[in-house]
file upload-v5.cif (mmCIF, C-alpha atoms)
data_data
#
loop_
_atom_site.label_atom_id
_atom_site.label_comp_id
_atom_site.auth_asym_id
_atom_site.auth_seq_id
_atom_site.Cartn_x
_atom_site.Cartn_y
_atom_site.Cartn_z
CA MET A 27 48.00 72.64 88.25
CA ARG A 28 49.45 75.66 86.47
CA HIS A 29 50.62 79.04 87.78
CA TRP A 30 49.44 82.26 86.16
CA LEU A 31 50.77 85.76 86.77
CA ILE A 32 48.07 88.28 85.85
CA ALA A 33 49.37 91.86 86.09
CA ASN A 34 47.61 95.21 85.91
CA THR A 35 50.21 97.65 84.60
CA LYS A 36 48.04 100.63 85.65
CA ALA A 37 47.69 99.65 89.33
CA GLY A 38 49.23 101.84 92.02
CA GLY A 39 52.31 103.63 90.73
CA GLY A 40 52.77 101.12 87.92
CA ASP A 41 56.12 99.91 89.26
CA ARG A 42 54.96 96.46 90.46
CA GLY A 43 53.95 94.75 87.25
CA ALA A 44 54.99 91.47 85.69
CA ASP A 45 58.66 92.51 85.37
CA PHE A 46 58.78 93.12 89.12
CA TRP A 47 57.04 89.94 90.25
CA ALA A 48 58.05 87.29 87.69
CA PRO A 49 61.73 86.93 88.71
CA ARG A 50 60.82 86.87 92.41
CA LEU A 51 58.21 84.18 91.87
CA GLU A 52 60.67 82.12 89.87
CA ARG A 53 63.30 82.42 92.64
CA ALA A 54 60.64 81.13 95.04
CA GLY A 55 60.29 78.05 92.84
CA ILE A 56 57.17 78.92 90.85
CA THR A 57 57.99 77.75 87.32
CA PRO A 58 56.83 77.61 84.62
CA LEU A 59 54.81 80.81 84.91
CA ARG A 60 52.16 81.88 82.42
CA VAL A 61 52.24 85.69 82.29
CA ARG A 62 49.24 87.66 81.03
CA ASP A 63 48.06 91.30 81.11
CA LEU A 64 44.83 91.75 83.06
CA ALA A 65 43.47 93.83 80.18
CA GLY A 66 44.20 91.10 77.65
CA ALA A 67 41.28 89.48 75.90
CA ASP A 68 39.99 86.10 77.12
CA TRP A 69 43.01 85.08 79.22
CA ASP A 70 40.58 83.62 81.76
CA LYS A 71 39.10 81.22 79.18
CA ASP A 72 42.27 79.10 79.44
CA LEU A 73 42.03 78.64 83.21
CA GLU A 74 41.44 75.14 84.52
CA ALA A 75 40.16 73.89 87.87
CA GLY A 76 42.99 73.89 90.43
CA ASP A 77 45.14 76.45 88.59
CA ILE A 78 46.70 79.16 90.75
CA VAL A 79 46.10 82.73 89.59
CA LEU A 80 48.57 85.22 91.05
CA VAL A 81 47.18 88.70 90.45
CA ALA A 82 49.44 91.76 90.71
CA GLY A 83 47.24 94.82 91.13
CA GLY A 84 44.88 96.66 93.44
CA ASP A 85 41.45 95.74 94.69
CA GLY A 86 39.77 96.28 91.32
CA SER A 87 42.22 93.85 89.69
CA VAL A 88 41.74 91.32 92.49
CA ASN A 89 37.97 91.59 92.03
CA ARG A 90 38.18 90.74 88.32
CA ALA A 91 40.60 87.86 88.92
CA ALA A 92 38.44 86.51 91.75
CA ARG A 93 35.43 86.27 89.48
CA ALA A 94 37.47 84.33 86.93
CA CYS A 95 38.66 81.97 89.68
CA LEU A 96 35.09 81.37 90.86
CA GLU A 97 33.88 80.62 87.35
CA ARG A 98 36.78 78.27 86.55
CA GLY A 99 37.41 76.64 89.93
CA ALA A 100 40.88 78.19 90.22
CA ILE A 101 42.76 79.39 93.32
CA LEU A 102 43.49 83.09 93.88
CA GLY A 103 46.83 84.42 95.11
CA ILE A 104 47.35 88.15 95.65
CA LEU A 105 50.49 90.20 95.01
CA PRO A 106 49.37 93.60 96.40
CA SER A 107 50.35 96.29 93.89
CA GLY A 108 47.61 98.93 94.10
CA THR A 109 46.75 101.93 96.25
CA ALA A 110 44.58 100.37 98.95
CA ASN A 111 45.05 96.55 98.72
CA ASP A 112 42.26 96.04 101.24
CA PHE A 113 41.26 92.48 100.40
CA ALA A 114 44.87 91.33 100.81
CA ARG A 115 44.79 92.62 104.40
CA ASN A 116 42.28 89.89 105.27
CA LEU A 117 44.75 87.15 104.35
CA ASN A 118 47.68 87.84 106.71
CA LEU A 119 50.15 88.16 103.83
CA PRO A 120 53.69 89.41 104.44
CA GLU A 121 54.62 92.82 103.02
CA ALA A 122 58.16 91.96 101.88
CA PRO A 123 57.96 90.88 98.21
CA ASP A 124 60.33 87.91 98.47
CA ALA A 125 58.59 86.59 101.59
CA LEU A 126 55.25 87.03 99.86
CA CYS A 127 56.42 85.01 96.87
CA ARG A 128 57.51 82.20 99.17
CA VAL A 129 54.00 82.20 100.67
CA MET A 130 52.57 81.93 97.14
CA ALA A 131 54.88 78.98 96.46
CA ARG A 132 53.83 77.25 99.69
CA ALA A 133 50.18 77.81 98.66
CA ARG A 134 48.28 77.33 101.90
CA VAL A 135 44.66 77.54 100.74
CA GLU A 136 41.58 78.65 102.69
CA ARG A 137 38.03 79.53 101.72
CA VAL A 138 36.57 83.01 102.21
CA ASP A 139 33.19 84.63 101.63
CA VAL A 140 32.38 86.89 98.70
CA GLY A 141 29.60 89.44 98.36
CA TRP A 142 27.22 89.88 95.45
CA LEU A 143 25.52 93.11 94.47
CA ASP A 144 22.86 91.74 92.13
CA ASP A 145 25.23 89.95 89.68
CA GLN A 146 28.34 92.03 90.56
CA LEU A 147 30.90 90.35 92.81
CA PHE A 148 32.56 92.39 95.56
CA LEU A 149 35.26 91.43 98.05
CA ASN A 150 35.58 94.55 100.20
CA VAL A 151 32.79 97.10 100.22
CA VAL A 152 29.95 98.64 98.23
CA HIS A 153 29.50 102.39 98.75
CA ILE A 154 26.57 104.73 98.14
CA GLY A 155 26.79 108.42 98.98
CA LEU A 156 29.86 110.11 100.44
CA GLY A 157 31.81 106.84 100.45
CA THR A 158 31.97 107.06 96.65
CA LEU A 159 33.88 110.37 96.76
CA PRO A 160 37.43 108.95 96.84
CA THR A 161 36.60 107.06 93.64
CA THR A 162 34.72 109.83 91.84
CA GLN A 163 36.42 112.98 93.21
CA ALA A 164 39.88 112.20 94.65
CA SER A 165 42.70 112.23 92.12
CA THR A 166 45.07 109.31 91.74
CA ARG A 167 47.86 111.57 93.02
CA LEU A 168 45.86 112.47 96.14
CA LYS A 169 45.11 108.82 96.86
CA ARG A 170 48.78 107.92 96.36
CA TRP A 171 50.04 110.71 98.65
CA LEU A 172 47.45 110.28 101.43
CA GLY A 173 46.76 106.56 101.08
CA ARG A 174 44.21 105.41 103.64
CA PHE A 175 43.59 109.01 104.78
CA SER A 176 42.36 110.15 101.35
CA TYR A 177 38.86 109.28 102.63
CA ALA A 178 39.25 111.60 105.59
CA ALA A 179 40.72 114.32 103.40
CA MET A 180 37.50 114.43 101.35
CA LEU A 181 35.21 115.11 104.32
CA PRO A 182 35.73 118.91 104.59
CA GLN A 183 34.65 119.17 100.92
CA LEU A 184 31.14 117.85 101.65
CA ARG A 185 29.69 121.30 102.29
CA ARG A 186 31.23 122.75 99.13
CA LEU A 187 29.94 119.78 97.12
CA GLY A 188 26.43 120.25 98.51
CA LEU A 189 26.24 116.74 100.00
CA MET A 190 25.61 117.50 103.68
CA ARG A 191 21.85 116.81 103.45
CA GLY A 192 22.32 113.26 102.23
CA PHE A 193 19.54 111.19 100.65
CA THR A 194 16.50 109.20 101.73
CA ALA A 195 16.66 105.41 101.59
CA SER A 196 14.97 102.40 103.16
CA ILE A 197 17.16 99.53 104.32
CA GLU A 198 15.81 96.01 104.77
CA THR A 199 18.00 93.37 106.42
CA ASP A 200 17.38 89.91 107.88
CA ASN A 201 15.40 91.22 110.82
CA GLN A 202 14.82 94.97 110.57
CA ARG A 203 13.83 97.85 108.31
CA SER A 204 14.97 101.48 108.59
CA GLU A 205 13.98 104.48 106.47
CA GLU A 206 15.92 107.69 107.12
CA ARG A 207 18.18 110.26 105.53
CA TRP A 208 21.74 109.01 105.10
CA LEU A 209 25.04 110.51 104.05
CA SER A 210 26.58 107.17 103.21
CA LEU A 211 25.71 103.49 103.00
CA ALA A 212 28.44 100.85 102.98
CA ILE A 213 27.99 97.09 102.61
CA ALA A 214 31.14 95.18 103.55
CA SER A 215 32.00 91.56 102.87
CA GLY A 216 35.62 91.91 104.05
CA SER A 217 37.21 93.55 107.08
CA PHE A 218 38.80 96.62 105.47
CA PHE A 219 38.20 99.57 103.18
CA GLY A 220 39.93 102.82 102.29
CA GLY A 221 43.48 101.53 102.54
CA GLY A 222 43.31 99.83 105.94
CA THR A 223 40.28 101.22 107.77
CA ARG A 224 38.79 98.28 109.65
CA VAL A 225 35.05 97.69 109.49
CA PRO A 226 34.15 96.84 113.12
CA GLY A 227 32.87 93.29 113.44
CA ALA A 228 33.28 92.47 109.75
CA SER A 229 35.05 89.37 108.47
CA PRO A 230 35.22 87.47 105.16
CA ARG A 231 34.84 84.22 107.11
CA ASN A 232 31.64 84.70 109.14
CA GLY A 233 28.98 84.31 106.45
CA LYS A 234 27.65 87.84 107.04
CA LEU A 235 27.63 91.20 105.33
CA THR A 236 28.25 94.23 107.54
CA LEU A 237 26.04 97.19 106.70
CA VAL A 238 27.29 100.58 107.94
CA ALA A 239 24.90 103.51 107.44
CA VAL A 240 26.06 107.06 108.27
CA ARG A 241 23.51 109.73 109.24
CA PRO A 242 23.89 113.44 108.31
CA ARG A 243 26.08 115.17 110.87
CA PRO A 244 28.56 118.10 110.84
CA TRP A 245 31.69 117.24 108.87
CA TRP A 246 33.95 117.64 111.91
CA GLN A 247 31.88 115.02 113.81
CA LEU A 248 32.13 112.63 110.88
CA LEU A 249 35.88 113.24 110.68
CA ARG A 250 36.19 112.44 114.37
CA THR A 251 34.16 109.24 113.89
CA PHE A 252 36.32 108.22 110.93
CA LEU A 253 39.61 108.82 112.73
CA VAL A 254 38.55 107.15 115.99
CA THR A 255 37.23 104.15 114.05
CA ARG A 256 40.42 104.02 111.98
CA LEU A 257 42.70 104.09 115.02
CA SER A 258 40.68 101.95 117.47
CA GLY A 259 38.83 99.58 115.14
CA LYS A 260 35.41 100.55 116.56
CA THR A 261 33.05 103.50 116.44
CA PRO A 262 32.93 105.83 119.48
CA ALA A 263 30.47 104.62 122.12
CA ASP A 264 28.74 108.02 122.35
CA ASP A 265 28.31 108.39 118.57
CA ASP A 266 24.79 108.22 117.09
CA SER A 267 25.92 109.02 113.54
CA VAL A 268 26.35 105.36 112.57
CA LEU A 269 23.95 102.42 112.26
CA GLN A 270 25.64 99.04 111.90
CA VAL A 271 23.93 95.71 111.14
CA ASN A 272 25.31 92.23 110.41
CA THR A 273 23.12 90.38 107.92
CA ALA A 274 23.22 87.64 105.28
CA ALA A 275 21.40 89.85 102.77
CA CYS A 276 20.01 93.35 102.43
CA ARG A 277 17.83 95.43 100.13
CA ILE A 278 18.16 99.19 99.68
CA GLN A 279 15.57 101.40 97.99
CA MET A 280 16.27 105.10 97.36
CA THR A 281 13.99 107.93 96.29
CA SER A 282 16.48 108.98 93.61
CA ARG A 283 19.26 107.36 91.63
CA ARG A 284 22.65 107.45 93.40
CA ARG A 285 26.20 106.57 92.40
CA VAL A 286 27.40 103.15 93.51
CA THR A 287 30.97 101.88 93.76
CA ALA A 288 32.19 98.35 94.49
CA ASP A 289 35.81 97.65 95.48
CA GLY A 290 36.73 101.15 94.30
CA ASP A 291 35.19 100.87 90.82
CA LEU A 292 32.25 103.03 89.73
CA LEU A 293 29.24 100.90 88.73
CA GLY A 294 26.89 103.75 87.75
CA LYS A 295 23.69 105.11 89.30
CA VAL A 296 20.83 103.03 90.73
CA SER A 297 17.72 103.59 92.85
CA GLU A 298 17.47 100.04 94.19
CA LEU A 299 19.94 97.26 94.92
CA GLN A 300 20.15 93.91 96.66
CA ALA A 301 23.25 92.39 98.24
CA ARG A 302 23.96 88.94 99.64
CA ILE A 303 26.87 86.93 100.97
CA ASP A 304 28.16 83.71 99.40
CA LYS A 305 29.85 81.85 102.25
CA ASP A 306 33.16 80.01 101.70
CA ALA A 307 32.89 80.55 97.94
CA LEU A 308 36.44 81.56 97.00
CA ARG A 309 39.68 79.62 97.46
CA VAL A 310 42.59 81.91 98.30
CA ILE A 311 46.23 81.59 99.34
CA THR A 312 46.78 82.91 102.87
CA GLY A 313 49.82 83.68 104.95
CA SER A 314 48.63 81.94 108.11
#

call {"tool": "encode", "arguments": {"input": "upload-v5.cif", "output": "structure tokens"}}
result
Amino acid sequence: MRHWLIANTKAGGGDRGADFWAPRLERAGITPLRVRDLAGADWDKDLEAGDIVLVAGGDGSVNRAARACLERGAILGILPSGTANDFARNLNLPEAPDALCRVMARARVERVDVGWLDDQLFLNVVHIGLGTLPTTQASTRLKRWLGRFSYAAMLPQLRRLGLMRGFTASIETDNQRSEERWLSLAIASGSFFGGGTRVPGASPRNGKLTLVAVRPRPWWQLLRTFLVTRLSGKTPADDDSVLQVNTAACRIQMTSRRRVTADGDLLGKVSELQARIDKDALRVITGS
């Protein structure tokens, strides 16, 4: 078993790269340590089954490292260093860097689910519609200043961006089909998105995707729904703006091509997609 530190120097504010984490990991007893840049060519080709990959970055970095771990049979450890760090929130990891490094050294391993969008792995959430705005419209500075509330900050701009009407799509899940106009579709494999907003009922350990579809409503109603959900962990009982379904797989067909993001990265535009869950696929280091 070997330890790798894979750092994304562009994640978050850029101040938690290899130089930040390497000495702390070594003090925790993790030596020797193979240090690589996430952007480096073919670093993953040297991974062996049972190696521990400690990735310092945000959710996009974790996504890329997770795929390498799946392909090589390695174990993923996360050193949260990005803006949102949503997948790390599922793992009960301590926030203090030194305590986190001790958890990585102890290496308590569990298995968690991963989602697949066609052949694209995702750990947190796939977005179509208004949920893509923080990726495509919000600046890095805005996301850094507002953190988890950068999603809410985008909502008043919907009218100016001409997105209040939404788009038509059919949704097929394990046991139902719905065709309506939607403002946003989200498919979650983990419990969090947007820097700590909990997806009600979602878990990376239950073998299910959680589909959350938002209907067109006035922006102030959507803002209320977002904030209540963010603070309470569930949508308001009197709110008809949201459809939520737990399913092992889903298929979405749209009448026009729409932008799609996965774990905060833009994938392009599509008119049809299929998603599924892969239960207990990924070995990760947890804090509990």

call {"tool": "residues_around", "arguments": {"input": "upload-v5.cif", "residues": "Gly103 in chain A", "least_positions_apart": "5", "cutoff": "12 Å", "atoms": "all atoms listed in the file", "output": "PyMOL selection string"}}
result
chain A and resi 29-33+51+77-83+87-89+91-92+95+113-114+117+119+126-136+308-313

call {"tool": "closest_residue", "arguments": {"input": "upload-v5.cif", "among": "A:Trp208, A:Phe252, A:Phe193, A:Trp245", "to": "Ser282 in chain A", "atoms": "all atoms listed in the file"}}
result
A:Phe193

call {"tool": "atom_distance", "arguments": {"input": "upload-v5.cif", "atom1": "CA of Leu147 in chain A", "atom2": "CA of Arg93 in chain A"}}
result
6.9 Å

call {"tool": "closest_residue", "arguments": {"input": "upload-v5.cif", "among": "A:Val140, A:Ala110, A:Ala301, A:Leu64", "to": "His153 in chain A", "atoms": "all atoms listed in the file"}}
result
A:Ala301

call {"tool": "atom_distance", "arguments": {"input": "upload-v5.cif", "atom1": "CA of Glu206 in chain A", "atom2": "CA of Leu269 in chain A"}}
result
10.9 Å

call {"tool": "resolve_selection", "arguments": {"input": "upload-v5.cif", "expression": "the PyMOL selection byres ((chain A and resi 257-263) around 12)", "output": "mmCIF file with C-alpha atoms, keeping the file's coordinate frame"}}
result
data_model
loop_
_atom_site.group_PDB
_atom_site.id
_atom_site.type_symbol
_atom_site.label_atom_id
_atom_site.label_comp_id
_atom_site.auth_asym_id
_atom_site.auth_seq_id
_atom_site.Cartn_x
_atom_site.Cartn_y
_atom_site.Cartn_z
ATOM 1 C CA ARG A 174 44.210 105.410 103.640
ATOM 2 C CA PHE A 175 43.590 109.010 104.780
ATOM 3 C CA SER A 217 37.210 93.550 107.080
ATOM 4 C CA PHE A 218 38.800 96.620 105.470
ATOM 5 C CA PHE A 219 38.200 99.570 103.180
ATOM 6 C CA GLY A 222 43.310 99.830 105.940
ATOM 7 C CA THR A 223 40.280 101.220 107.770
ATOM 8 C CA ARG A 224 38.790 98.280 109.650
ATOM 9 C CA VAL A 225 35.050 97.690 109.490
ATOM 10 C CA PRO A 226 34.150 96.840 113.120
ATOM 11 C CA GLY A 227 32.870 93.290 113.440
ATOM 12 C CA ALA A 228 33.280 92.470 109.750
ATOM 13 C CA VAL A 238 27.290 100.580 107.940
ATOM 14 C CA VAL A 240 26.060 107.060 108.270
ATOM 15 C CA GLN A 247 31.880 115.020 113.810
ATOM 16 C CA LEU A 248 32.130 112.630 110.880
ATOM 17 C CA LEU A 249 35.880 113.240 110.680
ATOM 18 C CA ARG A 250 36.190 112.440 114.370
ATOM 19 C CA THR A 251 34.160 109.240 113.890
ATOM 20 C CA PHE A 252 36.320 108.220 110.930
ATOM 21 C CA LEU A 253 39.610 108.820 112.730
ATOM 22 C CA VAL A 254 38.550 107.150 115.990
ATOM 23 C CA THR A 255 37.230 104.150 114.050
ATOM 24 C CA ARG A 256 40.420 104.020 111.980
ATOM 25 C CA ASP A 264 28.740 108.020 122.350
ATOM 26 C CA ASP A 265 28.310 108.390 118.570
ATOM 27 C CA ASP A 266 24.790 108.220 117.090
ATOM 28 C CA SER A 267 25.920 109.020 113.540
ATOM 29 C CA VAL A 268 26.350 105.360 112.570
ATOM 30 C CA LEU A 269 23.950 102.420 112.260
ATOM 31 C CA GLN A 270 25.640 99.040 111.900
#

call {"tool": "resolve_selection", "arguments": {"input": "upload-v5.cif", "expression": "the PyMOL selection byres ((chain A and resi 274) around 8)", "output": "ChimeraX atom specification"}}
result
/A:199-200,233-235,272-273,275-276,302-303

call {"tool": "closest_residue", "arguments": {"input": "upload-v5.cif", "among": "A:Asn150, A:Thr281, A:Ser210, A:Asn34", "to": "Asn116 in chain A", "atoms": "all atoms listed in the file"}}
result
A:Asn150

call {"tool": "resolve_selection", "arguments": {"input": "upload-v5.cif", "expression": "the PyMOL selection byres ((chain A and resi 196) around 12)", "output": "ChimeraX atom specification"}}
result
/A:193-195,197-199,202-208,211,239,276-282,297-300

call {"tool": "atom_distance", "arguments": {"input": "upload-v5.cif", "atom1": "CA of Gly290 in chain A", "atom2": "CA of Ile154 in chain A"}}
result
11.4 Å

call {"tool": "closest_residue", "arguments": {"input": "upload-v5.cif", "among": "A:Arg191, A:Lys305, A:Arg50, A:Arg137", "to": "Asp124 in chain A", "atoms": "all atoms listed in the file"}}
result
A:Arg50

call {"tool": "residues_near_point", "arguments": {"input": "upload-v5.cif", "point": "(48.4, 96.9, 92.4)", "cutoff": "7 Å", "atoms": "all atoms listed in the file", "output": "list in words"}}
result
Asn34, Ala37, Gly38, Arg42, Ala82, Gly83, Gly84, Pro106, Ser107, Gly108 and Thr109 of chain A

call {"tool": "closest_residue", "arguments": {"input": "upload-v5.cif", "among": "A:Asp68, A:Asp45, A:Asp85, A:Glu121", "to": "Leu149 in chain A", "atoms": "all atoms listed in the file"}}
result
A:Asp85

call {"tool": "closest_residue", "arguments": {"input": "upload-v5.cif", "among": "A:Gly99, A:Gly86, A:Gly55, A:Gly157", "to": "Asp70 in chain A", "atoms": "all atoms listed in the file"}}
result
A:Gly99
